[in-house]
file query08.cif (mmCIF, C-alpha atoms)
data_query
#
loop_
_atom_site.label_atom_id
_atom_site.label_comp_id
_atom_site.auth_asym_id
_atom_site.auth_seq_id
_atom_site.Cartn_x
_atom_site.Cartn_y
_atom_site.Cartn_z
CA MET A 1 -31.95 23.71 -24.80
CA PRO A 2 -35.44 22.98 -23.43
CA THR A 3 -36.97 19.74 -24.61
CA LYS A 4 -40.54 20.02 -23.34
CA LEU A 5 -43.22 22.67 -23.47
CA PRO A 6 -43.65 25.03 -20.52
CA ARG A 7 -46.78 24.54 -18.46
CA PHE A 8 -50.05 25.74 -19.97
CA GLY A 9 -50.17 29.01 -18.00
CA GLU A 10 -46.55 29.88 -18.76
CA PHE A 11 -47.05 29.01 -22.43
CA ILE A 12 -49.98 31.44 -22.65
CA ALA A 13 -48.01 34.16 -20.83
CA LEU A 14 -45.04 33.81 -23.20
CA ILE A 15 -47.23 33.76 -26.31
CA ALA A 16 -49.12 36.81 -25.00
CA MET A 17 -45.90 38.74 -24.42
CA LEU A 18 -44.56 37.93 -27.88
CA SER A 19 -47.83 38.68 -29.67
CA SER A 20 -48.33 41.97 -27.82
CA LEU A 21 -45.13 43.56 -29.18
CA THR A 22 -46.82 44.73 -32.38
CA ALA A 23 -49.69 46.49 -30.60
CA LEU A 24 -47.28 47.99 -28.05
CA ALA A 25 -45.02 49.31 -30.81
CA ILE A 26 -48.01 51.06 -32.40
CA ASP A 27 -50.23 52.34 -29.61
CA THR A 28 -47.60 53.24 -26.99
CA MET A 29 -46.22 55.81 -29.44
CA LEU A 30 -49.43 57.80 -29.92
CA PRO A 31 -49.12 60.25 -27.00
CA ALA A 32 -45.48 60.96 -27.94
CA LEU A 33 -45.92 61.85 -31.62
CA ALA A 34 -46.03 65.62 -31.10
CA ALA A 35 -43.02 65.59 -28.74
CA ILE A 36 -40.96 63.51 -31.17
CA GLY A 37 -41.87 65.77 -34.07
CA HIS A 38 -40.86 68.86 -32.06
CA ASP A 39 -37.54 67.42 -30.85
CA LEU A 40 -36.52 66.09 -34.26
CA GLY A 41 -37.36 69.33 -36.06
CA VAL A 42 -40.28 68.10 -38.16
CA GLN A 43 -41.53 70.95 -40.36
CA HIS A 44 -45.10 69.85 -41.04
CA ALA A 45 -47.58 69.10 -38.26
CA ASN A 46 -48.86 65.91 -39.96
CA ASP A 47 -45.43 64.34 -40.58
CA PRO A 48 -45.12 62.66 -37.13
CA GLN A 49 -47.97 60.40 -38.30
CA LEU A 50 -45.37 58.61 -40.44
CA ILE A 51 -43.97 57.13 -37.23
CA ILE A 52 -47.10 54.94 -37.24
CA SER A 53 -47.41 54.12 -40.95
CA SER A 54 -43.68 53.35 -41.38
CA LEU A 55 -43.98 50.50 -38.87
CA PHE A 56 -46.77 48.97 -40.96
CA LEU A 57 -44.50 49.09 -44.02
CA GLY A 58 -41.96 46.90 -42.25
CA LEU A 59 -44.74 44.67 -40.96
CA ALA A 60 -46.12 44.11 -44.47
CA CYS A 61 -42.71 43.16 -45.84
CA GLY A 62 -41.83 40.87 -42.96
CA GLN A 63 -44.95 38.79 -42.65
CA VAL A 64 -44.72 37.52 -46.21
CA LEU A 65 -41.27 36.10 -45.39
CA PHE A 66 -41.32 34.82 -41.82
CA GLY A 67 -44.36 32.53 -42.09
CA PRO A 68 -43.29 30.48 -45.14
CA LEU A 69 -39.63 30.45 -44.06
CA SER A 70 -40.49 29.10 -40.62
CA ASP A 71 -42.14 26.06 -42.22
CA ALA A 72 -38.74 25.26 -43.73
CA THR A 73 -36.31 26.27 -40.96
CA GLY A 74 -38.33 25.78 -37.76
CA ARG A 75 -39.85 28.43 -35.50
CA LYS A 76 -37.02 29.29 -33.09
CA PRO A 77 -34.30 30.59 -35.45
CA LEU A 78 -36.64 33.05 -37.14
CA MET A 79 -38.10 34.22 -33.82
CA TYR A 80 -34.59 35.19 -32.74
CA VAL A 81 -33.97 36.93 -36.07
CA GLY A 82 -37.22 38.89 -35.78
CA LEU A 83 -36.68 39.93 -32.17
CA GLY A 84 -33.10 40.92 -33.01
CA ILE A 85 -34.27 43.15 -35.87
CA PHE A 86 -36.93 44.65 -33.58
CA MET A 87 -34.30 45.46 -30.95
CA LEU A 88 -32.01 47.01 -33.58
CA GLY A 89 -34.90 49.18 -34.80
CA SER A 90 -35.72 50.20 -31.24
CA LEU A 91 -32.09 51.20 -30.65
CA ILE A 92 -31.90 53.26 -33.86
CA ALA A 93 -35.18 55.05 -33.02
CA MET A 94 -34.10 55.64 -29.41
CA LEU A 95 -30.84 57.30 -30.53
CA ALA A 96 -32.30 59.13 -33.56
CA GLN A 97 -31.19 62.74 -33.96
CA ASP A 98 -33.27 63.39 -37.07
CA PHE A 99 -36.60 62.25 -38.43
CA SER A 100 -35.12 60.09 -41.21
CA HIS A 101 -33.30 57.87 -38.73
CA MET A 102 -36.47 57.65 -36.66
CA LEU A 103 -38.37 56.29 -39.68
CA VAL A 104 -35.60 53.80 -40.49
CA GLY A 105 -35.83 52.52 -36.93
CA ARG A 106 -39.61 52.21 -37.15
CA VAL A 107 -39.48 50.26 -40.43
CA LEU A 108 -37.01 47.86 -38.81
CA GLN A 109 -39.26 47.57 -35.76
CA GLY A 110 -42.16 46.61 -38.03
CA LEU A 111 -40.01 44.13 -39.95
CA GLY A 112 -38.86 42.56 -36.69
CA THR A 113 -42.22 42.39 -34.95
CA SER A 114 -43.75 40.64 -37.95
CA ALA A 115 -41.89 37.50 -36.79
CA PRO A 116 -43.62 37.10 -33.40
CA ARG A 117 -46.88 38.26 -34.99
CA VAL A 118 -46.79 35.35 -37.47
CA LEU A 119 -44.86 32.75 -35.50
CA THR A 120 -46.97 32.84 -32.33
CA ILE A 121 -49.94 31.58 -34.35
CA ALA A 122 -47.75 28.82 -35.81
CA LEU A 123 -46.49 27.90 -32.33
CA VAL A 124 -50.02 27.52 -31.00
CA ARG A 125 -50.97 25.42 -34.03
CA ASP A 126 -47.87 23.22 -33.52
CA CYS A 127 -48.51 22.58 -29.82
CA TYR A 128 -52.26 22.40 -29.33
CA ALA A 129 -55.39 21.23 -31.12
CA GLY A 130 -59.13 21.26 -30.59
CA ARG A 131 -60.44 22.85 -27.40
CA ALA A 132 -56.98 23.47 -25.97
CA MET A 133 -56.00 25.44 -29.07
CA ALA A 134 -59.25 27.40 -28.89
CA GLN A 135 -58.55 28.18 -25.23
CA VAL A 136 -55.03 29.47 -25.99
CA MET A 137 -56.33 31.59 -28.87
CA SER A 138 -59.09 32.96 -26.63
CA PHE A 139 -56.56 34.08 -24.02
CA THR A 140 -54.37 35.55 -26.76
CA MET A 141 -57.34 37.47 -28.17
CA SER A 142 -57.93 38.93 -24.71
CA ILE A 143 -54.39 40.31 -24.82
CA PHE A 144 -55.05 41.79 -28.26
CA ILE A 145 -58.02 43.59 -26.72
CA LEU A 146 -56.25 44.76 -23.55
CA VAL A 147 -52.95 45.99 -25.03
CA PRO A 148 -54.41 48.73 -27.31
CA MET A 149 -56.48 49.91 -24.35
CA LEU A 150 -53.50 50.15 -21.97
CA ALA A 151 -50.57 50.97 -24.27
CA PRO A 152 -51.29 54.72 -24.73
CA SER A 153 -51.42 55.14 -20.94
CA LEU A 154 -48.04 53.41 -20.71
CA GLY A 155 -46.69 55.74 -23.39
CA GLN A 156 -48.14 58.79 -21.63
CA GLY A 157 -46.58 57.76 -18.32
CA LEU A 158 -43.14 57.12 -19.83
CA LEU A 159 -43.32 60.41 -21.74
CA LEU A 160 -44.06 62.39 -18.57
CA LEU A 161 -41.51 60.56 -16.41
CA ALA A 162 -38.52 60.18 -18.70
CA GLY A 163 -39.23 61.55 -22.18
CA TRP A 164 -40.10 59.83 -25.44
CA ARG A 165 -36.76 58.02 -25.83
CA SER A 166 -37.62 55.96 -22.76
CA ILE A 167 -40.50 54.40 -24.74
CA PHE A 168 -37.99 52.82 -27.15
CA THR A 169 -35.80 51.78 -24.21
CA THR A 170 -38.85 49.96 -22.84
CA PHE A 171 -39.39 48.22 -26.20
CA LEU A 172 -35.75 47.14 -26.20
CA VAL A 173 -35.96 45.72 -22.67
CA LEU A 174 -39.27 43.92 -23.33
CA ALA A 175 -37.92 42.30 -26.50
CA LEU A 176 -34.75 41.22 -24.70
CA VAL A 177 -36.78 39.67 -21.87
CA ALA A 178 -39.07 37.91 -24.39
CA ALA A 179 -36.09 36.56 -26.37
CA THR A 180 -34.37 35.27 -23.22
CA TRP A 181 -37.57 33.67 -21.93
CA PHE A 182 -38.20 32.08 -25.32
CA LEU A 183 -34.61 30.76 -25.44
CA LEU A 184 -34.70 29.24 -21.98
CA ARG A 185 -38.20 27.80 -21.87
CA MET A 186 -39.57 27.10 -25.37
CA PRO A 187 -38.40 24.06 -27.34
CA GLU A 188 -38.46 23.90 -31.13
CA THR A 189 -42.05 22.93 -31.99
CA LEU A 190 -41.52 21.96 -35.64
CA PRO A 191 -39.24 18.89 -35.85
CA PRO A 192 -37.09 18.42 -38.98
CA ASP A 193 -39.27 15.59 -40.34
CA LYS A 194 -42.29 17.92 -40.51
CA ARG A 195 -40.56 20.82 -42.23
CA ARG A 196 -41.39 21.70 -45.81
CA PRO A 197 -38.64 23.18 -47.99
CA LEU A 198 -39.56 26.54 -49.46
CA THR A 199 -38.48 27.09 -53.06
CA TRP A 200 -38.86 30.21 -55.17
CA ARG A 201 -41.00 28.21 -57.61
CA LYS A 202 -43.34 27.08 -54.83
CA PHE A 203 -43.68 30.62 -53.50
CA THR A 204 -44.40 32.18 -56.91
CA GLN A 205 -46.96 29.47 -57.69
CA ALA A 206 -48.78 30.24 -54.44
CA LEU A 207 -48.58 33.98 -55.12
CA ARG A 208 -49.98 33.47 -58.62
CA GLU A 209 -52.83 31.36 -57.25
CA VAL A 210 -53.76 34.03 -54.69
CA LEU A 211 -53.66 36.78 -57.33
CA THR A 212 -55.77 34.81 -59.82
CA THR A 213 -58.41 33.51 -57.39
CA ARG A 214 -61.15 36.10 -57.83
CA THR A 215 -62.91 35.79 -54.49
CA SER A 216 -59.63 35.80 -52.57
CA MET A 217 -58.46 38.97 -54.27
CA LEU A 218 -61.80 40.72 -53.78
CA PHE A 219 -61.76 40.06 -50.05
CA THR A 220 -58.02 40.83 -49.78
CA LEU A 221 -58.60 44.24 -51.38
CA ALA A 222 -61.66 44.80 -49.19
CA THR A 223 -59.50 44.03 -46.15
CA GLY A 224 -57.01 46.60 -47.43
CA MET A 225 -59.76 49.23 -47.71
CA VAL A 226 -61.00 48.54 -44.19
CA PHE A 227 -57.52 48.45 -42.72
CA GLY A 228 -56.67 51.66 -44.61
CA ALA A 229 -59.56 53.41 -42.86
CA PHE A 230 -58.33 52.19 -39.49
CA LEU A 231 -54.75 53.23 -40.25
CA GLY A 232 -56.06 56.69 -41.13
CA TYR A 233 -57.61 56.83 -37.67
CA LEU A 234 -54.45 55.59 -35.93
CA SER A 235 -52.39 58.20 -37.79
CA SER A 236 -54.58 61.17 -36.84
CA ALA A 237 -56.19 60.07 -33.54
CA GLN A 238 -53.62 61.89 -31.40
CA GLN A 239 -54.09 65.17 -33.26
CA ILE A 240 -57.88 64.93 -33.27
CA LEU A 241 -58.46 63.85 -29.68
CA GLN A 242 -55.46 65.23 -27.82
CA ILE A 243 -55.02 68.54 -29.66
CA GLN A 244 -58.18 69.42 -31.62
CA TYR A 245 -60.52 68.46 -28.76
CA GLY A 246 -58.05 69.47 -26.06
CA LEU A 247 -58.10 66.19 -24.16
CA GLY A 248 -54.41 66.45 -23.25
CA LYS A 249 -53.40 63.81 -20.72
CA SER A 250 -56.90 62.27 -20.89
CA PHE A 251 -56.28 61.13 -24.47
CA PRO A 252 -55.28 57.53 -23.49
CA LEU A 253 -58.59 57.07 -21.66
CA TYR A 254 -60.67 58.08 -24.67
CA PHE A 255 -58.49 55.96 -26.97
CA ALA A 256 -59.00 52.98 -24.63
CA LEU A 257 -62.78 53.40 -24.76
CA LEU A 258 -62.69 53.25 -28.55
CA ALA A 259 -60.34 50.24 -28.52
CA LEU A 260 -62.93 48.51 -26.34
CA SER A 261 -65.39 48.70 -29.26
CA ILE A 262 -63.08 46.62 -31.44
CA GLY A 263 -62.62 44.10 -28.65
CA ALA A 264 -66.38 43.88 -28.15
CA ALA A 265 -66.80 43.32 -31.89
CA SER A 266 -64.44 40.32 -31.75
CA ILE A 267 -66.48 38.77 -28.96
CA LEU A 268 -69.80 39.53 -30.67
CA ASN A 269 -68.55 38.17 -33.98
CA GLY A 270 -67.53 34.91 -32.31
CA ARG A 271 -71.11 34.48 -31.11
CA LEU A 272 -72.81 35.43 -34.38
CA VAL A 273 -70.58 33.90 -37.06
CA MET A 274 -71.65 30.32 -36.40
CA ARG A 275 -75.28 31.34 -36.74
CA TYR A 276 -75.20 33.74 -39.70
CA GLY A 277 -71.95 33.00 -41.50
CA MET A 278 -68.96 35.16 -42.43
CA HIS A 279 -70.33 36.54 -45.70
CA TRP A 280 -73.67 37.63 -44.23
CA LEU A 281 -71.96 39.40 -41.33
CA ALA A 282 -69.31 41.03 -43.52
CA GLN A 283 -71.93 42.43 -45.90
CA ARG A 284 -73.99 43.99 -43.11
CA ALA A 285 -70.97 45.28 -41.21
CA VAL A 286 -69.46 47.03 -44.25
CA LEU A 287 -72.82 48.50 -45.26
CA GLY A 288 -73.45 49.69 -41.71
CA PHE A 289 -69.98 51.27 -41.54
CA THR A 290 -70.49 53.05 -44.87
CA LEU A 291 -73.99 54.34 -44.12
CA MET A 292 -72.95 55.58 -40.66
CA SER A 293 -69.94 57.34 -42.14
CA GLY A 294 -72.04 58.98 -44.85
CA LEU A 295 -74.54 60.25 -42.29
CA PHE A 296 -71.83 61.49 -39.94
CA LEU A 297 -70.07 63.20 -42.85
CA LEU A 298 -73.16 65.39 -43.24
CA ILE A 299 -73.10 66.15 -39.52
CA ALA A 300 -69.39 66.96 -39.67
CA TYR A 301 -69.92 69.35 -42.59
CA GLY A 302 -72.80 70.98 -40.73
CA THR A 303 -70.56 71.63 -37.73
CA HIS A 304 -67.57 72.79 -39.83
CA GLY A 305 -65.62 69.68 -38.96
CA GLN A 306 -66.01 70.18 -35.19
CA PRO A 307 -68.90 67.95 -34.05
CA PRO A 308 -69.47 67.67 -30.28
CA LEU A 309 -67.01 65.28 -28.65
CA ALA A 310 -69.79 63.04 -27.27
CA LEU A 311 -71.30 62.67 -30.75
CA LEU A 312 -67.88 61.95 -32.29
CA MET A 313 -67.15 59.27 -29.70
CA ALA A 314 -70.53 57.64 -30.31
CA TYR A 315 -69.87 57.55 -34.06
CA PHE A 316 -66.35 56.17 -33.64
CA SER A 317 -67.60 53.50 -31.25
CA LEU A 318 -70.21 52.25 -33.72
CA ALA A 319 -67.81 52.52 -36.67
CA PHE A 320 -65.14 50.48 -34.86
CA LEU A 321 -67.74 47.91 -33.84
CA SER A 322 -68.32 47.38 -37.57
CA LEU A 323 -64.58 47.39 -38.38
CA GLY A 324 -63.89 44.86 -35.63
CA MET A 325 -66.37 42.45 -37.19
CA LEU A 326 -64.89 43.00 -40.63
CA PHE A 327 -61.23 42.32 -39.83
CA GLY A 328 -61.59 38.63 -38.99
CA ASN A 329 -64.40 37.79 -41.43
CA LEU A 330 -62.83 39.38 -44.52
CA ASN A 331 -59.49 37.68 -43.87
CA ALA A 332 -61.19 34.32 -43.37
CA LEU A 333 -63.23 34.78 -46.57
CA ALA A 334 -60.05 35.60 -48.51
CA MET A 335 -58.44 32.42 -47.17
CA GLU A 336 -61.42 30.13 -47.75
CA PRO A 337 -60.58 28.95 -51.32
CA LEU A 338 -56.88 28.50 -50.47
CA GLY A 339 -56.88 25.88 -47.72
CA HIS A 340 -54.44 23.67 -49.62
CA ILE A 341 -51.75 26.40 -49.44
CA ALA A 342 -52.89 27.95 -46.16
CA GLY A 343 -49.47 28.87 -44.75
CA ILE A 344 -48.10 30.78 -47.71
CA SER A 345 -51.45 32.26 -48.71
CA ALA A 346 -52.03 33.65 -45.20
CA SER A 347 -48.71 35.47 -45.39
CA VAL A 348 -49.35 36.75 -48.92
CA ILE A 349 -52.88 37.93 -48.14
CA GLY A 350 -51.75 39.64 -44.94
CA SER A 351 -48.91 41.38 -46.75
CA LEU A 352 -51.00 42.46 -49.76
CA SER A 353 -53.83 43.86 -47.65
CA THR A 354 -51.37 45.80 -45.47
CA LEU A 355 -49.53 47.18 -48.50
CA ALA A 356 -52.86 48.31 -49.95
CA ALA A 357 -53.81 49.95 -46.65
CA ILE A 358 -50.59 51.94 -46.09
CA PRO A 359 -50.96 54.56 -48.88
CA LEU A 360 -54.70 54.89 -48.22
CA GLY A 361 -54.32 55.36 -44.47
CA THR A 362 -51.34 57.68 -44.94
CA LEU A 363 -53.31 59.82 -47.40
CA ILE A 364 -56.16 60.18 -44.90
CA GLY A 365 -53.79 61.06 -42.08
CA GLN A 366 -51.73 63.52 -44.11
CA SER A 367 -54.96 65.29 -45.16
CA TYR A 368 -55.71 66.26 -41.54
CA ASP A 369 -56.56 69.98 -41.48
CA GLY A 370 -57.58 70.61 -37.88
CA THR A 371 -61.06 69.10 -38.41
CA VAL A 372 -62.49 65.57 -38.52
CA LEU A 373 -63.65 66.02 -42.13
CA PRO A 374 -60.70 64.26 -43.86
CA LEU A 375 -60.99 61.23 -41.58
CA VAL A 376 -64.76 60.86 -41.87
CA LEU A 377 -64.60 61.43 -45.64
CA GLY A 378 -61.88 58.77 -45.83
CA PHE A 379 -64.02 56.35 -43.82
CA PHE A 380 -66.96 56.95 -46.17
CA ALA A 381 -64.94 56.65 -49.39
CA LEU A 382 -63.13 53.48 -48.33
CA GLY A 383 -66.38 52.07 -46.98
CA LEU A 384 -67.95 52.56 -50.41
CA MET A 385 -65.06 50.81 -52.14
CA ALA A 386 -65.06 47.95 -49.63
CA SER A 387 -68.83 47.58 -50.03
CA GLY A 388 -68.43 47.26 -53.78
CA LEU A 389 -65.82 44.54 -53.35
CA VAL A 390 -67.73 42.57 -50.69
CA LEU A 391 -71.02 42.73 -52.61
CA ALA A 392 -69.44 41.95 -56.02
#
call {"tool": "encode", "arguments": {"input": "query08.cif", "output": "structure tokens"}}
result
Amino acid sequence: MPTKLPRFGEFIALIAMLSSLTALAIDTMLPALAAIGHDLGVQHANDPQLIISSLFLGLACGQVLFGPLSDATGRKPLMYVGLGIFMLGSLIAMLAQDFSHMLVGRVLQGLGTSAPRVLTIALVRDCYAGRAMAQVMSFTMSIFILVPMLAPSLGQGLLLLAGWRSIFTTFLVLALVAATWFLLRMPETLPPDKRRPLTWRKFTQALREVLTTRTSMLFTLATGMVFGAFLGYLSSAQQILQIQYGLGKSFPLYFALLALSIGAASILNGRLVMRYGMHWLAQRAVLGFTLMSGLFLLIAYGTHGQPPLALLMAYFSLAFLSLGMLFGNLNALAMEPLGHIAGISASVIGSLSTLAAIPLGTLIGQSYDGTVLPLVLGFFALGLMASGLVLA
């Protein structure tokens, strides 16, 4: 067993690989949704969207467990458990002969990938502080920006070369490499004397405090509204861009351009938040998102749900710039009154906001009718609800 940390560059590379599994498991699948639906005999054109939302269901359930448990057991055992569940889910999905087994595999993938999603942050916090921690998180954020831009192209390439099952084979291999690398090179970063036993009473007390702290719940629900809008986009993006607008194999390029807007928002938010504060930025971002969506809804109705592609891309870019600024600020605002129970509350807030987003995003996606109207209407409606919560 390793007893010392890998060098700084290797540490960042390992953390980046582990933290990228979630984004890879989501965005690599997008070009393959139609092919999977066809091969597995899906009856309704919108049902392949559930391949995306089912992963988030597993993610929501897992993150509320892995974070608090790792404070009691250490980081390494639960990382192995999570990666093992992810590999099992990948295997089930890869071998699926019907759509039900595909969805079971995807839920398990989400449950498994919630471990590296939560534990990588804990690992960084265990090992670094101050400027070094900020540097690691900055590099990690760069990966979060790059992976959604590149993953659909990876999925498109694998689909063309070897079929959609090869995408899950790739997930399985990547997780196995990450687990082996983690085993051989990463020591346990939470020694026994720093562990905090997790009891059911302690967990329920923290849950009750989150649910009864008004500002935390308002911002948690607002995060759910915002994330629900984004999940609606993820669910229907392939149908809108690749099929409705006939982009075909160019779909990953357009998706990457829109992902760049969210990455730019993260960078911009980092520059502005120290000057204007989280609340000020969140209020203006949610109002901007809602007003833009309301205006574009009129344009979409005027064009029978088929606005020009250039205009649609411009709207999406501005909308995602607003969403990108909201994700971090709303989560931080929800956490602000709960610093004394930060570990458990972060897991609870993340899980609750994701669980709120899943039915909303799924409803938007399943309403797709060959036009952009359901998505833009969903953006506007959820923007209104999020505005009410943020401004309350």
call {"tool": "residues_around", "arguments": {"input": "query08.cif", "residues": "Phe251 of chain A", "least_positions_apart": "2", "cutoff": "8 Å", "atoms": "only C-alpha atoms", "output": "PyMOL selection string"}}
result
chain A and resi 31+238+241-242+247-249+253-255
call {"tool": "resolve_selection", "arguments": {"input": "query08.cif", "expression": "the PyMOL selection byres ((chain A and resi 280) around 12)", "output": "list of chain:residue names"}}
result
A:Asn269, A:Leu272, A:Val273, A:Met274, A:Arg275, A:Tyr276, A:Gly277, A:Met278, A:His279, A:Leu281, A:Ala282, A:Gln283, A:Arg284, A:Ala285, A:Val286, A:Leu287, A:Met325, A:Leu326, A:Asn329, A:Leu330, A:Leu333, A:Val390, A:Leu391
call {"tool": "atom_distance", "arguments": {"input": "query08.cif", "atom1": "atom CA of Ser19 of chain A", "atom2": "atom CA of Pro116 of chain A"}}
result
5.8 Å
call {"tool": "closest_residue", "arguments": {"input": "query08.cif", "among": "A:Leu30, A:Leu119, A:Leu65, A:Leu14", "to": "Trp200 of chain A", "atoms": "only C-alpha atoms"}}
result
A:Leu65
call {"tool": "closest_residue", "arguments": {"input": "query08.cif", "among": "A:Gly110, A:Gly228, A:Pro148, A:Gly370", "to": "Leu83 of chain A", "atoms": "only C-alpha atoms"}}
result
A:Gly110
call {"tool": "closest_residue", "arguments": {"input": "query08.cif", "among": "A:Leu160, A:Leu95, A:Ile267, A:Ala319", "to": "Val226 of chain A", "atoms": "only C-alpha atoms"}}
result
A:Ala319
call {"tool": "build_atoms", "arguments": {"input": "query08.cif", "residues": "segment 210-227 of chain A", "atoms": "N, CA, C and O atoms", "output": "tab-separated table (two decimals), in the coordinates of the input"}}
result
chain	number	residue	atom	x	y	z
A	210	VAL	N	-53.04	33.02	-55.47
A	210	VAL	CA	-53.76	34.03	-54.69
A	210	VAL	C	-54.23	35.16	-55.60
A	210	VAL	O	-55.39	35.59	-55.55
A	211	LEU	N	-53.34	35.63	-56.48
A	211	LEU	CA	-53.66	36.78	-57.33
A	211	LEU	C	-54.71	36.45	-58.39
A	211	LEU	O	-55.41	37.36	-58.87
A	212	THR	N	-54.82	35.18	-58.76
A	212	THR	CA	-55.77	34.81	-59.82
A	212	THR	C	-57.06	34.18	-59.29
A	212	THR	O	-57.94	33.84	-60.09
A	213	THR	N	-57.17	34.01	-57.98
A	213	THR	CA	-58.41	33.51	-57.39
A	213	THR	C	-59.30	34.71	-57.08
A	213	THR	O	-59.02	35.47	-56.16
A	214	ARG	N	-60.37	34.87	-57.87
A	214	ARG	CA	-61.15	36.10	-57.83
A	214	ARG	C	-61.68	36.44	-56.44
A	214	ARG	O	-61.51	37.57	-55.96
A	215	THR	N	-62.31	35.49	-55.79
A	215	THR	CA	-62.91	35.79	-54.49
A	215	THR	C	-61.84	36.16	-53.46
A	215	THR	O	-62.04	37.07	-52.64
A	216	SER	N	-60.70	35.48	-53.51
A	216	SER	CA	-59.63	35.80	-52.57
A	216	SER	C	-59.13	37.22	-52.76
A	216	SER	O	-58.90	37.96	-51.79
A	217	MET	N	-58.96	37.62	-54.01
A	217	MET	CA	-58.46	38.97	-54.27
A	217	MET	C	-59.49	40.04	-53.89
A	217	MET	O	-59.13	41.10	-53.36
A	218	LEU	N	-60.76	39.76	-54.15
A	218	LEU	CA	-61.80	40.72	-53.78
A	218	LEU	C	-61.79	40.97	-52.27
A	218	LEU	O	-61.81	42.13	-51.82
A	219	PHE	N	-61.73	39.89	-51.50
A	219	PHE	CA	-61.76	40.06	-50.05
A	219	PHE	C	-60.42	40.58	-49.50
A	219	PHE	O	-60.41	41.27	-48.49
A	220	THR	N	-59.32	40.27	-50.18
A	220	THR	CA	-58.02	40.83	-49.78
A	220	THR	C	-58.03	42.35	-49.97
A	220	THR	O	-57.58	43.11	-49.10
A	221	LEU	N	-58.52	42.80	-51.12
A	221	LEU	CA	-58.60	44.24	-51.38
A	221	LEU	C	-59.57	44.92	-50.43
A	221	LEU	O	-59.33	46.04	-49.95
A	222	ALA	N	-60.70	44.25	-50.15
A	222	ALA	CA	-61.66	44.80	-49.19
A	222	ALA	C	-61.02	44.95	-47.81
A	222	ALA	O	-61.22	45.95	-47.12
A	223	THR	N	-60.22	43.94	-47.42
A	223	THR	CA	-59.50	44.03	-46.15
A	223	THR	C	-58.55	45.22	-46.16
A	223	THR	O	-58.43	45.94	-45.16
A	224	GLY	N	-57.89	45.45	-47.30
A	224	GLY	CA	-57.01	46.60	-47.43
A	224	GLY	C	-57.75	47.92	-47.28
A	224	GLY	O	-57.24	48.85	-46.63
A	225	MET	N	-58.96	48.01	-47.85
A	225	MET	CA	-59.76	49.23	-47.71
A	225	MET	C	-60.13	49.48	-46.25
A	225	MET	O	-60.01	50.60	-45.73
A	226	VAL	N	-60.59	48.42	-45.59
A	226	VAL	CA	-61.00	48.54	-44.19
A	226	VAL	C	-59.82	48.89	-43.30
A	226	VAL	O	-59.90	49.76	-42.43
A	227	PHE	N	-58.70	48.19	-43.52
A	227	PHE	CA	-57.52	48.45	-42.72
A	227	PHE	C	-56.96	49.85	-43.00
A	227	PHE	O	-56.43	50.52	-42.11
